[in-house]
Structures are given as C-alpha cells and as structure tokens.
$ cat query-v4.cif   # mmCIF, C-alpha atoms
data_work
#
loop_
_atom_site.label_atom_id
_atom_site.label_comp_id
_atom_site.auth_asym_id
_atom_site.auth_seq_id
_atom_site.Cartn_x
_atom_site.Cartn_y
_atom_site.Cartn_z
CA MET A 1 63.66 101.51 17.30
CA ASP A 2 61.09 100.12 14.89
CA LEU A 3 61.32 102.47 11.91
CA LEU A 4 64.01 104.82 10.63
CA LEU A 5 63.00 107.89 8.63
CA ASP A 6 65.91 109.66 7.02
CA CYS A 7 64.61 113.19 6.42
CA ARG A 8 68.01 114.85 6.24
CA GLY A 9 68.05 117.52 3.56
CA LEU A 10 64.27 117.95 3.71
CA LYS A 11 62.89 121.32 4.73
CA CYS A 12 60.15 121.73 7.33
CA PRO A 13 57.36 120.75 7.28
CA LEU A 14 58.41 117.72 5.16
CA PRO A 15 60.02 115.77 8.05
CA ILE A 16 56.81 116.20 10.08
CA ILE A 17 54.68 115.15 7.10
CA ARG A 18 56.80 111.99 6.65
CA LEU A 19 56.53 111.24 10.35
CA ALA A 20 52.74 111.63 10.30
CA GLN A 21 52.41 109.49 7.17
CA ARG A 22 54.61 106.65 8.42
CA ILE A 23 54.09 106.42 12.20
CA GLY A 24 51.10 104.10 11.61
CA GLU A 25 53.54 101.46 10.32
CA VAL A 26 54.88 100.80 13.82
CA PRO A 27 52.73 99.19 16.53
CA VAL A 28 51.42 101.31 19.42
CA GLY A 29 54.34 101.57 21.82
CA GLY A 30 56.82 101.34 18.94
CA VAL A 31 59.46 104.00 18.25
CA VAL A 32 60.15 105.92 15.05
CA ARG A 33 63.59 107.46 14.71
CA VAL A 34 63.56 110.61 12.58
CA LEU A 35 66.80 111.98 11.16
CA ALA A 36 66.22 115.64 10.27
CA ASP A 37 68.63 118.55 9.92
CA ASP A 38 66.23 121.39 9.16
CA PRO A 39 66.76 124.06 11.86
CA ALA A 40 63.05 123.95 12.72
CA ALA A 41 62.93 120.16 13.15
CA ALA A 42 63.72 119.96 16.88
CA ASN A 43 61.05 122.51 17.73
CA ASP A 44 58.44 121.22 15.32
CA ILE A 45 58.80 117.50 16.06
CA ALA A 46 58.29 118.30 19.77
CA ALA A 47 55.27 120.48 18.93
CA TRP A 48 53.83 117.75 16.66
CA CYS A 49 54.14 115.16 19.45
CA ARG A 50 52.30 117.49 21.83
CA MET A 51 49.55 118.32 19.32
CA LYS A 52 49.04 114.72 18.14
CA HIS A 53 49.44 113.14 21.60
CA GLN A 54 52.52 111.12 20.75
CA GLU A 55 55.66 110.91 22.88
CA LEU A 56 58.99 112.51 22.07
CA VAL A 57 61.31 110.01 23.75
CA GLY A 58 64.35 112.15 23.23
CA SER A 59 67.13 113.22 20.94
CA PRO A 60 69.88 110.60 21.33
CA GLY A 61 72.21 112.41 18.92
CA PRO A 62 72.51 115.41 16.66
CA ASP A 63 69.64 115.70 14.13
CA THR A 64 68.10 112.53 15.63
CA PHE A 65 64.66 112.34 17.25
CA ASP A 66 62.91 109.31 18.71
CA VAL A 67 59.12 109.37 18.75
CA ARG A 68 56.98 106.70 20.44
CA ARG A 69 53.57 105.93 18.97
CA LEU A 70 51.00 106.21 21.77
CA SER A 71 47.79 105.88 19.77
CA MET B 1 44.79 157.79 -0.30
CA GLU B 2 43.37 156.46 2.92
CA TYR B 3 43.32 152.70 3.14
CA THR B 4 39.83 151.25 3.24
CA GLY B 5 38.81 147.63 3.11
CA ASP B 6 37.66 147.61 -0.50
CA PRO B 7 35.62 144.41 -0.84
CA ALA B 8 36.96 143.84 -4.34
CA GLY B 9 40.58 144.76 -3.65
CA PRO B 10 43.37 143.22 -1.63
CA VAL B 11 42.95 143.13 2.13
CA TYR B 12 45.96 144.27 4.12
CA LEU B 13 46.27 142.33 7.39
CA ASP B 14 49.85 143.06 8.37
CA ALA B 15 49.50 146.11 10.62
CA ALA B 16 52.15 144.77 12.99
CA THR B 17 54.68 145.32 10.19
CA ALA B 18 53.36 148.70 9.05
CA VAL B 19 50.00 150.41 9.53
CA PRO B 20 48.59 152.23 6.48
CA LEU B 21 49.10 155.97 6.86
CA HIS B 22 46.47 157.56 9.10
CA PRO B 23 44.57 160.40 7.33
CA VAL B 24 45.75 162.84 10.02
CA ALA B 25 49.36 161.77 9.37
CA ARG B 26 48.93 162.32 5.65
CA GLU B 27 47.46 165.78 6.15
CA ALA B 28 50.19 166.79 8.62
CA LEU B 29 52.91 165.33 6.39
CA LEU B 30 51.78 167.31 3.35
CA ALA B 31 51.52 170.54 5.36
CA ALA B 32 54.94 170.01 6.96
CA LEU B 33 56.57 169.26 3.59
CA ASP B 34 55.66 172.82 2.58
CA ASP B 35 56.35 174.38 5.93
CA GLY B 36 59.08 172.36 7.64
CA TRP B 37 61.76 171.78 5.02
CA ALA B 38 64.36 174.17 6.44
CA ASP B 39 67.04 173.32 9.02
CA PRO B 40 65.54 174.06 12.44
CA ALA B 41 68.97 175.10 13.73
CA ARG B 42 69.16 178.15 11.42
CA LEU B 43 68.16 181.62 12.54
CA TYR B 44 66.31 182.93 9.48
CA SER B 45 62.54 182.81 9.37
CA ALA B 46 62.21 179.47 7.48
CA GLY B 47 64.54 177.88 10.04
CA ARG B 48 62.61 179.38 12.94
CA ARG B 49 59.39 178.06 11.43
CA ALA B 50 60.89 174.58 11.21
CA GLN B 51 62.07 174.91 14.82
CA GLN B 52 58.54 175.80 15.91
CA LEU B 53 57.17 172.75 14.13
CA SER B 54 59.85 170.56 15.68
CA ASP B 55 59.13 171.90 19.18
CA ALA B 56 55.39 171.42 18.74
CA ALA B 57 55.84 167.85 17.45
CA ARG B 58 58.16 166.99 20.31
CA ALA B 59 55.72 168.45 22.84
CA ALA B 60 52.78 166.57 21.34
CA LEU B 61 54.68 163.28 21.38
CA ALA B 62 55.87 163.84 24.95
CA GLU B 63 52.32 164.57 26.03
CA ALA B 64 50.96 161.48 24.26
CA LEU B 65 53.62 159.34 25.90
CA GLY B 66 53.23 161.02 29.30
CA VAL B 67 56.86 162.09 29.53
CA ARG B 68 58.89 165.33 29.60
CA VAL B 69 59.74 167.04 26.33
CA ASP B 70 63.50 166.79 26.91
CA GLU B 71 63.24 163.05 27.48
CA VAL B 72 62.18 162.43 23.84
CA SER B 73 64.52 161.98 20.90
CA PHE B 74 63.86 160.99 17.28
CA TRP B 75 65.62 158.26 15.31
CA PRO B 76 65.48 157.04 11.72
CA SER B 77 63.44 153.95 12.68
CA GLY B 78 62.09 151.97 15.61
CA THR B 79 65.01 149.59 15.13
CA ALA B 80 67.54 152.42 15.41
CA ALA B 81 65.77 153.76 18.52
CA ALA B 82 65.69 150.32 20.19
CA GLN B 83 69.35 149.68 19.42
CA ALA B 84 70.31 153.15 20.67
CA ALA B 85 68.39 152.39 23.87
CA VAL B 86 70.27 149.14 24.44
CA LEU B 87 73.74 150.33 23.44
CA GLY B 88 73.37 153.75 25.11
CA GLY B 89 71.84 152.22 28.25
CA LEU B 90 74.69 149.72 28.53
CA ALA B 91 77.32 152.44 27.95
CA GLY B 92 75.75 154.65 30.60
CA ARG B 93 76.09 151.91 33.20
CA ALA B 94 79.50 150.58 32.20
CA ARG B 95 80.86 151.22 35.71
CA GLN B 96 78.11 149.14 37.31
CA GLY B 97 78.23 146.19 34.96
CA ASP B 98 78.43 144.85 31.44
CA THR B 99 75.53 142.42 31.18
CA LEU B 100 72.20 142.87 29.41
CA VAL B 101 69.27 140.82 30.68
CA HIS B 102 66.58 140.35 28.02
CA SER B 103 63.55 138.21 27.34
CA ALA B 104 63.81 135.41 24.78
CA ILE B 105 61.11 137.09 22.68
CA GLU B 106 62.66 140.52 22.09
CA HIS B 107 62.63 141.93 18.58
CA SER B 108 65.64 140.71 16.60
CA ALA B 109 66.91 144.33 16.53
CA VAL B 110 67.40 144.09 20.30
CA LEU B 111 68.95 140.62 20.06
CA HIS B 112 71.47 141.88 17.51
CA ALA B 113 72.41 144.75 19.85
CA ALA B 114 72.61 142.23 22.72
CA ALA B 115 75.03 140.13 20.68
CA ARG B 116 77.57 142.97 20.90
CA GLY B 117 78.37 142.04 24.51
CA LYS B 118 77.40 139.86 27.46
CA ALA B 119 73.75 138.95 27.63
CA VAL B 120 71.49 136.72 29.72
CA GLU B 121 68.26 135.50 28.17
CA VAL B 122 65.10 134.90 30.22
CA GLY B 123 62.57 132.43 28.86
CA VAL B 124 58.82 132.51 28.36
CA ASP B 125 56.08 129.92 28.81
CA ARG B 126 53.96 128.23 26.14
CA LEU B 127 51.73 131.33 25.92
CA GLY B 128 54.70 133.64 25.49
CA ARG B 129 54.63 135.12 29.01
CA LEU B 130 57.88 136.12 30.67
CA ASP B 131 59.16 133.81 33.43
CA LEU B 132 59.11 136.40 36.22
CA ASP B 133 61.01 134.28 38.77
CA ALA B 134 63.86 133.75 36.33
CA TRP B 135 63.70 137.45 35.45
CA ASP B 136 63.96 138.42 39.13
CA GLN B 137 66.96 136.14 39.53
CA ALA B 138 68.64 137.39 36.36
CA VAL B 139 68.32 141.12 37.05
CA SER B 140 69.42 140.66 40.69
CA ALA B 141 72.72 139.04 39.69
CA PRO B 142 75.88 141.11 40.01
CA GLY B 143 77.18 142.90 36.92
CA VAL B 144 73.84 143.63 35.26
CA ALA B 145 73.88 146.98 33.47
CA LEU B 146 70.48 146.99 31.75
CA ALA B 147 67.35 144.90 31.28
CA SER B 148 65.24 144.78 28.13
CA LEU B 149 61.64 143.65 27.83
CA ILE B 150 59.29 143.98 24.87
CA SER B 151 55.94 145.43 26.00
CA ALA B 152 54.00 142.87 23.98
CA SER B 153 55.18 140.28 21.51
CA HIS B 154 55.17 141.51 17.93
CA GLU B 155 54.83 137.93 16.73
CA VAL B 156 52.16 136.42 18.96
CA GLY B 157 50.61 139.45 20.71
CA THR B 158 51.15 138.32 24.30
CA ARG B 159 51.38 141.33 26.61
CA GLN B 160 54.26 141.12 29.04
CA PRO B 161 54.12 141.76 32.80
CA VAL B 162 55.98 145.05 32.43
CA ALA B 163 54.97 146.48 35.83
CA ALA B 164 56.13 143.40 37.74
CA ALA B 165 59.32 143.11 35.69
CA ALA B 166 60.00 146.83 36.30
CA SER B 167 59.59 146.44 40.06
CA TYR B 168 62.17 143.62 40.13
CA CYS B 169 64.51 145.87 38.15
CA ASP B 170 63.85 148.70 40.57
CA GLU B 171 64.69 146.49 43.57
CA ALA B 172 67.93 145.47 41.85
CA GLY B 173 68.74 149.05 40.82
CA VAL B 174 68.82 148.08 37.14
CA PRO B 175 67.25 150.37 34.51
CA LEU B 176 64.60 148.74 32.31
CA PHE B 177 64.28 149.35 28.57
CA VAL B 178 60.84 148.62 27.11
CA ASP B 179 60.46 148.16 23.35
CA ALA B 180 56.88 149.39 23.05
CA ALA B 181 56.59 149.41 19.25
CA GLN B 182 53.42 147.27 19.18
CA SER B 183 51.78 148.97 22.17
CA VAL B 184 52.18 152.72 21.70
CA GLY B 185 49.00 154.16 20.22
CA ARG B 186 46.99 151.05 21.10
CA VAL B 187 47.38 150.16 24.76
CA ASP B 188 48.99 151.94 27.71
CA VAL B 189 52.45 150.82 28.74
CA PRO B 190 52.66 150.37 32.52
CA PRO B 191 55.05 152.79 34.26
CA GLY B 192 58.32 151.87 35.93
CA TRP B 193 60.59 151.73 32.87
CA SER B 194 63.68 153.88 32.36
CA LEU B 195 63.94 153.80 28.57
CA LEU B 196 61.26 153.21 25.95
CA SER B 197 61.23 153.01 22.18
CA ALA B 198 58.43 153.18 19.62
CA SER B 199 58.00 153.32 15.87
CA SER B 200 55.73 155.70 14.00
CA HIS B 201 54.64 153.36 11.22
CA LYS B 202 53.37 150.85 13.77
CA TRP B 203 50.67 153.32 14.86
CA GLY B 204 49.76 154.85 11.50
CA GLY B 205 52.39 157.54 11.17
CA PRO B 206 54.91 157.58 8.32
CA PRO B 207 57.82 155.13 8.19
CA GLY B 208 61.25 156.38 9.15
CA VAL B 209 60.46 157.82 12.59
CA GLY B 210 61.67 156.02 15.69
CA VAL B 211 61.10 157.48 19.13
CA LEU B 212 63.37 156.99 22.11
CA VAL B 213 62.46 158.14 25.61
CA VAL B 214 65.18 158.28 28.25
CA ARG B 215 63.76 159.24 31.65
CA LYS B 216 65.45 161.99 33.66
CA GLY B 217 68.17 160.64 35.90
CA VAL B 218 68.88 157.62 33.68
CA ARG B 219 72.46 157.59 32.46
CA TRP B 220 72.53 157.11 28.70
CA ILE B 221 75.52 157.67 26.44
CA SER B 222 74.90 157.90 22.73
CA PRO B 223 76.47 155.07 20.75
CA TYR B 224 77.17 157.63 18.02
CA PRO B 225 79.57 160.57 17.86
CA GLN B 226 78.14 163.79 19.30
CA ASP B 227 76.94 166.49 16.90
CA ASP B 228 77.69 170.25 17.01
CA LEU B 229 74.63 171.03 19.11
CA TYR B 230 75.23 168.39 21.78
CA ARG B 231 71.68 167.23 21.33
CA PRO B 232 70.74 163.80 22.57
CA GLY B 233 69.55 161.71 19.70
CA THR B 234 70.56 160.63 16.26
CA PRO B 235 73.47 162.48 14.67
CA GLY B 236 72.46 164.90 11.96
CA GLY B 237 69.08 166.23 10.96
CA ILE B 238 65.76 164.51 11.42
CA ASP B 239 63.01 164.02 8.86
CA LEU B 240 60.97 166.86 10.33
CA PRO B 241 57.85 166.51 8.12
CA ALA B 242 57.68 162.81 9.05
CA VAL B 243 58.17 163.63 12.75
CA VAL B 244 55.36 166.22 12.58
CA ALA B 245 53.08 163.64 10.95
CA ALA B 246 54.07 161.00 13.50
CA ALA B 247 53.19 163.31 16.39
CA ALA B 248 49.88 164.42 14.88
CA SER B 249 48.82 160.87 14.11
CA LEU B 250 49.77 159.53 17.54
CA ARG B 251 47.46 162.05 19.13
CA ALA B 252 44.64 161.09 16.72
CA VAL B 253 45.25 157.37 17.17
CA ARG B 254 45.21 157.66 20.95
CA GLN B 255 41.82 159.35 20.81
CA GLU B 256 40.46 156.40 18.84
CA ALA B 257 42.44 153.75 20.71
CA GLN B 258 39.85 152.62 23.21
CA ALA B 259 37.00 152.19 20.74
CA GLU B 260 39.32 150.64 18.13
CA GLY B 261 40.81 148.34 20.76
CA VAL B 262 37.37 146.98 21.62
CA ARG B 263 36.40 146.60 17.96
CA LEU B 264 39.65 144.93 16.82
CA SER B 265 39.90 142.75 19.90
CA ALA B 266 36.47 141.30 19.12
CA LEU B 267 37.57 140.60 15.52
CA VAL B 268 40.75 138.94 16.81
CA GLU B 269 38.65 136.83 19.17
CA ARG B 270 36.51 135.81 16.22
CA ILE B 271 39.62 134.78 14.25
CA ARG B 272 41.00 132.84 17.22
CA THR B 273 37.76 130.91 17.70
CA ARG B 274 36.87 130.36 14.06
CA VAL B 275 40.34 129.28 12.88
CA ALA B 276 40.53 126.73 15.70
CA ALA B 277 37.07 125.44 14.73
CA THR B 278 37.38 125.37 10.94
CA VAL B 279 41.02 124.44 10.29
CA PRO B 280 42.00 120.95 11.47
CA ASP B 281 45.38 120.49 13.17
CA VAL B 282 45.92 124.16 13.90
CA GLU B 283 47.51 125.77 16.91
CA VAL B 284 46.37 129.30 17.78
CA VAL B 285 49.27 130.68 19.78
CA GLY B 286 49.78 133.46 22.32
CA ASP B 287 47.90 134.42 25.47
CA PRO B 288 44.14 134.43 24.76
CA ASP B 289 43.48 137.17 27.35
CA GLN B 290 46.63 139.18 28.06
CA ARG B 291 47.16 140.09 24.42
CA LEU B 292 47.33 143.02 22.05
CA PRO B 293 43.93 143.97 20.63
CA HIS B 294 44.91 143.75 16.98
CA LEU B 295 47.18 140.75 16.50
CA VAL B 296 46.64 136.99 16.25
CA THR B 297 48.97 134.18 15.24
CA PHE B 298 48.33 130.55 14.39
CA SER B 299 50.30 127.63 12.94
CA CYS B 300 48.90 124.98 10.60
CA LEU B 301 50.41 121.51 10.89
CA TYR B 302 51.92 120.04 7.68
CA VAL B 303 51.71 123.37 5.86
CA ASP B 304 54.61 125.21 4.24
CA GLY B 305 54.33 128.78 5.55
CA GLU B 306 55.63 130.30 2.33
CA ALA B 307 53.09 128.36 0.26
CA LEU B 308 50.28 129.56 2.53
CA LEU B 309 51.49 133.18 2.33
CA HIS B 310 51.52 133.02 -1.46
CA ALA B 311 48.11 131.33 -1.58
CA LEU B 312 46.68 134.03 0.70
CA ASP B 313 48.33 136.71 -1.43
CA ARG B 314 46.73 135.28 -4.56
CA ALA B 315 43.40 135.26 -2.74
CA GLY B 316 43.94 138.94 -1.90
CA PHE B 317 45.22 138.86 1.68
CA ALA B 318 48.51 140.30 2.93
CA VAL B 319 49.70 138.59 6.11
CA SER B 320 53.03 137.82 7.74
CA SER B 321 54.68 134.61 8.93
CA GLY B 322 57.33 133.48 11.40
CA SER B 323 58.01 130.22 9.56
CA SER B 324 61.62 129.51 8.67
CA CYS B 325 60.90 129.25 4.96
CA THR B 326 59.53 132.81 4.99
CA ALA B 327 62.43 134.29 6.99
CA SER B 328 65.53 135.66 5.31
CA THR B 329 67.61 133.68 7.82
CA LEU B 330 65.84 130.38 6.97
CA ARG B 331 65.51 129.85 10.69
CA PRO B 332 62.17 129.53 12.44
CA SER B 333 61.02 132.48 14.49
CA HIS B 334 62.98 132.68 17.75
CA VAL B 335 59.73 133.74 19.44
CA LEU B 336 57.81 130.61 18.39
CA GLU B 337 60.83 128.49 19.33
CA ALA B 338 61.12 130.10 22.76
CA MET B 339 57.44 129.30 23.34
CA GLY B 340 57.87 125.74 22.10
CA VAL B 341 54.99 126.03 19.64
CA LEU B 342 54.78 124.84 16.07
CA SER B 343 56.81 127.12 13.80
CA HIS B 344 55.89 125.91 10.32
CA GLY B 345 52.64 126.88 8.61
CA ASN B 346 52.68 130.04 10.70
CA VAL B 347 50.47 133.03 9.93
CA ARG B 348 50.31 136.35 11.75
CA VAL B 349 47.21 138.43 11.12
CA SER B 350 47.25 142.00 12.41
CA LEU B 351 44.39 144.45 12.05
CA HIS B 352 44.11 148.23 11.83
CA ARG B 353 41.50 150.98 11.65
CA GLY B 354 40.82 150.22 7.97
CA THR B 355 40.06 146.54 8.67
CA THR B 356 36.37 145.77 8.40
CA GLU B 357 34.29 142.91 9.72
CA ALA B 358 33.71 141.92 6.08
CA ASP B 359 37.49 141.67 5.50
CA VAL B 360 37.83 139.31 8.44
CA GLU B 361 34.84 137.23 7.35
CA ARG B 362 36.26 136.92 3.84
CA PHE B 363 39.62 135.83 5.26
CA LEU B 364 37.95 133.27 7.51
CA ALA B 365 35.93 131.97 4.58
CA VAL B 366 38.91 131.31 2.28
CA LEU B 367 41.52 130.14 4.80
CA PRO B 368 40.30 126.56 5.47
CA GLY B 369 40.17 125.73 1.75
CA LEU B 370 43.66 127.12 1.10
CA VAL B 371 45.13 125.11 3.99
CA GLU B 372 43.34 122.00 2.80
CA GLY B 373 44.66 122.48 -0.74
CA ILE B 374 48.28 122.80 0.42
CA ARG B 375 47.92 119.71 2.60
CA ARG B 376 46.40 117.76 -0.26
CA GLU B 377 49.30 118.70 -2.53
CA ALA B 378 51.70 117.46 0.16
CA GLY B 379 49.97 114.08 -0.01
CA LEU B 380 47.95 114.30 3.19
#
$ encode --input "query-v4.cif" --output "structure tokens"
Amino acid sequence: MDLLLDCRGLKCPLPIIRLAQRIGEVPVGGVVRVLADDPAAANDIAAWCRMKHQELVGSPGPDTFDVRRLS
Amino acid sequence: MEYTGDPAGPVYLDAATAVPLHPVAREALLAALDDGWADPARLYSAGRRAQQLSDAARAALAEALGVRVDEVSFWPSGTAAAQAAVLGGLAGRARQGDTLVHSAIEHSAVLHAAARGKAVEVGVDRLGRLDLDAWDQAVSAPGVALASLISASHEVGTRQPVAAAASYCDEAGVPLFVDAAQSVGRVDVPPGWSLLSASSHKWGGPPGVGVLVVRKGVRWISPYPQDDLYRPGTPGGIDLPAVVAAAASLRAVRQEAQAEGVRLSALVERIRTRVAATVPDVEVVGDPDQRLPHLVTFSCLYVDGEALLHALDRAGFAVSSGSSCTASTLRPSHVLEAMGVLSHGNVRVSLHRGTTEADVERFLAVLPGLVEGIRREAGL
C-alpha cells in the first residue's frame, strides 16, 4: 500500500473525487487504500475503476478498498 | 390543462414517476365525477348508473390488456396492486411452497412484500438483463410458491426476457407475477404470466388506480379481509371516476402507442448518443436495444446527484435520480447496484406525449455546462 485515503464520514461522490485527485501521487503499479463507509462506496469505487481503467485489487476489510494505479 | 412543452416554462421529464394527465383521462374523469359518484352496489338509479360505468371501465381495461373481465381488479395504487399480487400469490400456493423468486431489479414495493417471507433473488448483468440460467435454477428448486419479474426496469429501461422467464416458470409449475407498470400502454407484455399489475398514472390516467390481473385458474387469496360482496380486489369502494378515466385513457394511449413509441425512442436514442458525446466521464446505463421507448438513465462521475437534480430544476427540467443522496433511504438504487454501474450523479430522463424535440434539445444543451459547474465546485 502506497497511499492511505481516509474518506470515512464522507458521502458519495466525495470518496471517489478524493481517489481521482490523489491516485496520481502513487507510481503506476502502486496501490491506494481507500477507507470509505458511505453505503454507495463499494459499488462506486468498483464502477470508477472500470470506467477509468484502474484495478480494484479487493476489499481486505470492512469499508476498505485497495485500488492499483494502472495508468 | 393538458401538459405541453411550453418553451418558456419548465420541462417535465419524469414520466416514469407520473405521466401528465392525458386529455381523454381528464374528459372522462370530469364526466364520471358528475355521473359516477354513487355506490355501484346500490339498487337505485344513481347506483345502477355507477355500476354501468364500473362495468364499462372494467370491460375496456380487460380488452386493452387482452384478458377476461373477471380477471381484473382495481387497487388504490400500482404499489398496492403489486403487493397484493405477491402476497395473494404466495398465500394461494402456501401448500406448494413458501418461497418467492424475484429479480434483483424489482420495484421496491415488491422487495418490501418479499421481505415478509422467504425470498430468493436472481441477478442481472451490467445492462440490467435477467440472468436466465440462474432464474431457471431458482424457479425449479423445491418449495417455490411464486416468481416475480418486472416487465422492464423502471430505473434503467431495460426490457426483461418475460417470455423466456415465463416458460421456465411454466416448466417448473410456478406462477409468474409481472409488474408491468412501465410497459402497459407503451409496449406489449409477452404472454405466459399468471398475475400482472399496472398503474394508471404511469400511462397518463389519474393517480390512485392500480390494476391487478389474476388469470383464471391461478390460486390467489386476498391478503385483506373479505368484504360483504365477496369481490376479489381491494376491500371497500373504489375511486370509480378515476377508474373510468384510467380505462378511457389506456384505450387512447394504446391507439397512439406505436407512433409515440417510435417518436420517443428516437429522442431517447438522441439523448443516449449526445450525453455520451458531450459529457465527459459519463456512463449511459441500460440495454441500448432491448429497452423501453421513453426512458434513459445515465450517471456522471464525480457529481452529487442531488446537486445535479437541483441545478436541472433551476434550469427548468424535472428529472429523477437513483443516487443515494436523492433517496429517502440514503442508499444507492438497488437496481444500479445490482447492475454494478455507477450510482452517484445519476439522472433518469423519461419522456411522454407532451415532450417535444425542442424540450430534449434544450435539455441536451444545458446539461454539459451544469455537470461541468458541479465538478468545478468539487475541485475537479
């Protein structure tokens, strides 16, 4: 994990906006861990990864999402 | 007054919630208010007159739906009709089983009825199409009392494979309930179902009229106490003037349906293409081909759905959204979630006979700027 974004308490789409704004800070191949507890986060982080061609590595815990920068 | 797309006034693009009253419905409603106020069960002349109106409305609706008159009953709303279908269908098959099989994209009214007992959910793909193999497996399992499938998604417009789903139900000996609220009056519902519900204000009739059809030979037990007349249907009287208007408008709407379907479908196609081309980072969702003629849904990345709804409202456009921030539950739409598509920044546009090409062009002209403004405010 190369960057931790604590978005707990933020409503969608703020966690996705933070992710988009900050993913450039990790090198290609690096992983951003997003902590988000909005009920739409799981769905929307997966959809963002698909739309922006990034990889959702998985959800290692509750409200936790690992995203790998692919480009 | 009949709704028309006044170029200076607000543009109503939420027909999937409620269609503005059809002029035929308005005319019939006003006439029936004068003529159909009495209790149809009474034997004096005003009562007999109301009974005649009730019989004629029932016959017209049965004819429009292609069913027998005694298979039709009226309910206070489409929601009440759909829930009566589910609960009554389950009760009628209690000896055979206790499980309801339903798609993941049913209307929440059906999901709330499903939550009363055992239920098995069948998923959809990214376009919102039912997984037919999983459906086959689910309805063939032992203990299934009833299956429920929406005819076409009210949120994304994808038409469901009702005929194929019905044939799997038939093989398994399970009755199929079809919630046809978005289809009736617009597109034909394939045969093979056992129960069907519809809602008058989704086709241009007045609000407050739900229709339930229970085919002959299907065991259905009312979830409500019986009334004195042992009639199937909602307990107590019906809103007869509204029912008369619903029946009259369904007939009128069906006569226009083919031409309107072609016209609206082309406008929806224009919205699908233009939104994808002019709004960056947008996902137009739902099946591009197997879809309702009048409904289109898209989601804008990084956009708060509530902010977009308010911005569109200020610009004079009434639309709907499945985003969590616009839902009373603060949860994203279960339909968008089941499809795995973006749920925030979601907009549903649904057209009707009063929608003009100019309305759609005006909407398409203002949308990209509004989305851009909201994104800019969010720091993007």
$ resolve_selection --input "query-v4.cif" --expression "the PyMOL selection byres ((chain A) within 12 of (chain B))" --output "JSON, numbers by chain"
{"A": [10, 11, 12, 13, 14, 15, 16, 17, 18, 19, 20, 21, 22, 37, 38, 39, 40, 41, 42, 43, 44, 45, 46, 47, 48, 49, 50, 51, 52, 53]}
$ closest_residue --input "query-v4.cif" --among "A:Ile23, A:Leu56, A:Leu35, A:Val67" --to "Gly9 of chain A" --atoms "all atoms listed in the file"
A:Leu35
$ resolve_selection --input "query-v4.cif" --expression "the PyMOL selection byres ((chain B and resi 279) around 10)" --output "PyMOL selection string"
chain B and resi 274-278+280-283+300-301+364+367-372
$ resolve_selection --input "query-v4.cif" --expression "the PyMOL selection byres ((chain B and resi 140-154) around 8)" --output "ChimeraX atom specification"
/B:16,86,89-90,93-94,96-103,105-107,128,136-139,155-162,168-169,172,174-183,189,291-292
$ residues_around --input "query-v4.cif" --residues "Leu29 of chain B" --least-positions-apart "6" --cutoff "7 Å" --atoms "all atoms listed in the file" --output "list in words"
Pro241, Ala242, Val244 and Ala245 of chain B
$ atom_distance --input "query-v4.cif" --atom1 "atom CA of Ser73 of chain B" --atom2 "atom CA of Arg48 of chain B"
19.2 Å
$ residues_near_point --input "query-v4.cif" --point "(49.5, 142.6, 12.4)" --cutoff "7 Å" --atoms "only C-alpha atoms" --output "PyMOL selection string"
chain B and resi 13-17+294-295+348-351
$ residues_around --input "query-v4.cif" --residues "segment 50-53 of chain B" --least-positions-apart "5" --cutoff "6 Å" --atoms "only C-alpha atoms" --output "PyMOL selection string"
chain B and resi 36+38+40
$ atom_distance --input "query-v4.cif" --atom1 "atom CA of Leu70 of chain A" --atom2 "atom CA of Val57 of chain A"
11.2 Å
$ atom_distance --input "query-v4.cif" --atom1 "atom CA of Ala85 of chain B" --atom2 "atom CA of Pro191 of chain B"
16.9 Å
$ residues_around --input "query-v4.cif" --residues "Gly30 of chain A" --least-positions-apart "2" --cutoff "9 Å" --atoms "all atoms listed in the file" --output "list of chain:residue names"
A:Met1, A:Asp2, A:Leu3, A:Ile23, A:Val26, A:Pro27, A:Val28, A:Val32, A:Val67, A:Arg68, A:Arg69, A:Leu70
$ closest_residue --input "query-v4.cif" --among "B:Ile374, B:Ala252, B:Val319, B:Arg186" --to "Glu27 of chain B" --atoms "only C-alpha atoms"
B:Ala252
$ axis_aligned_box --input "query-v4.cif" --around "segment 21-30 of chain B" --padding-each-side "8 Å" --output "lines of an AutoDock Vina configuration file"
center_x = 48.7
center_y = 161.6
center_z = 6.7
size_x = 24.3
size_y = 27.3
size_z = 22.7
$ closest_residue --input "query-v4.cif" --among "B:Ala104, B:Ala246, B:Ala25, B:Leu111" --to "Arg58 of chain B" --atoms "only C-alpha atoms"
B:Ala246
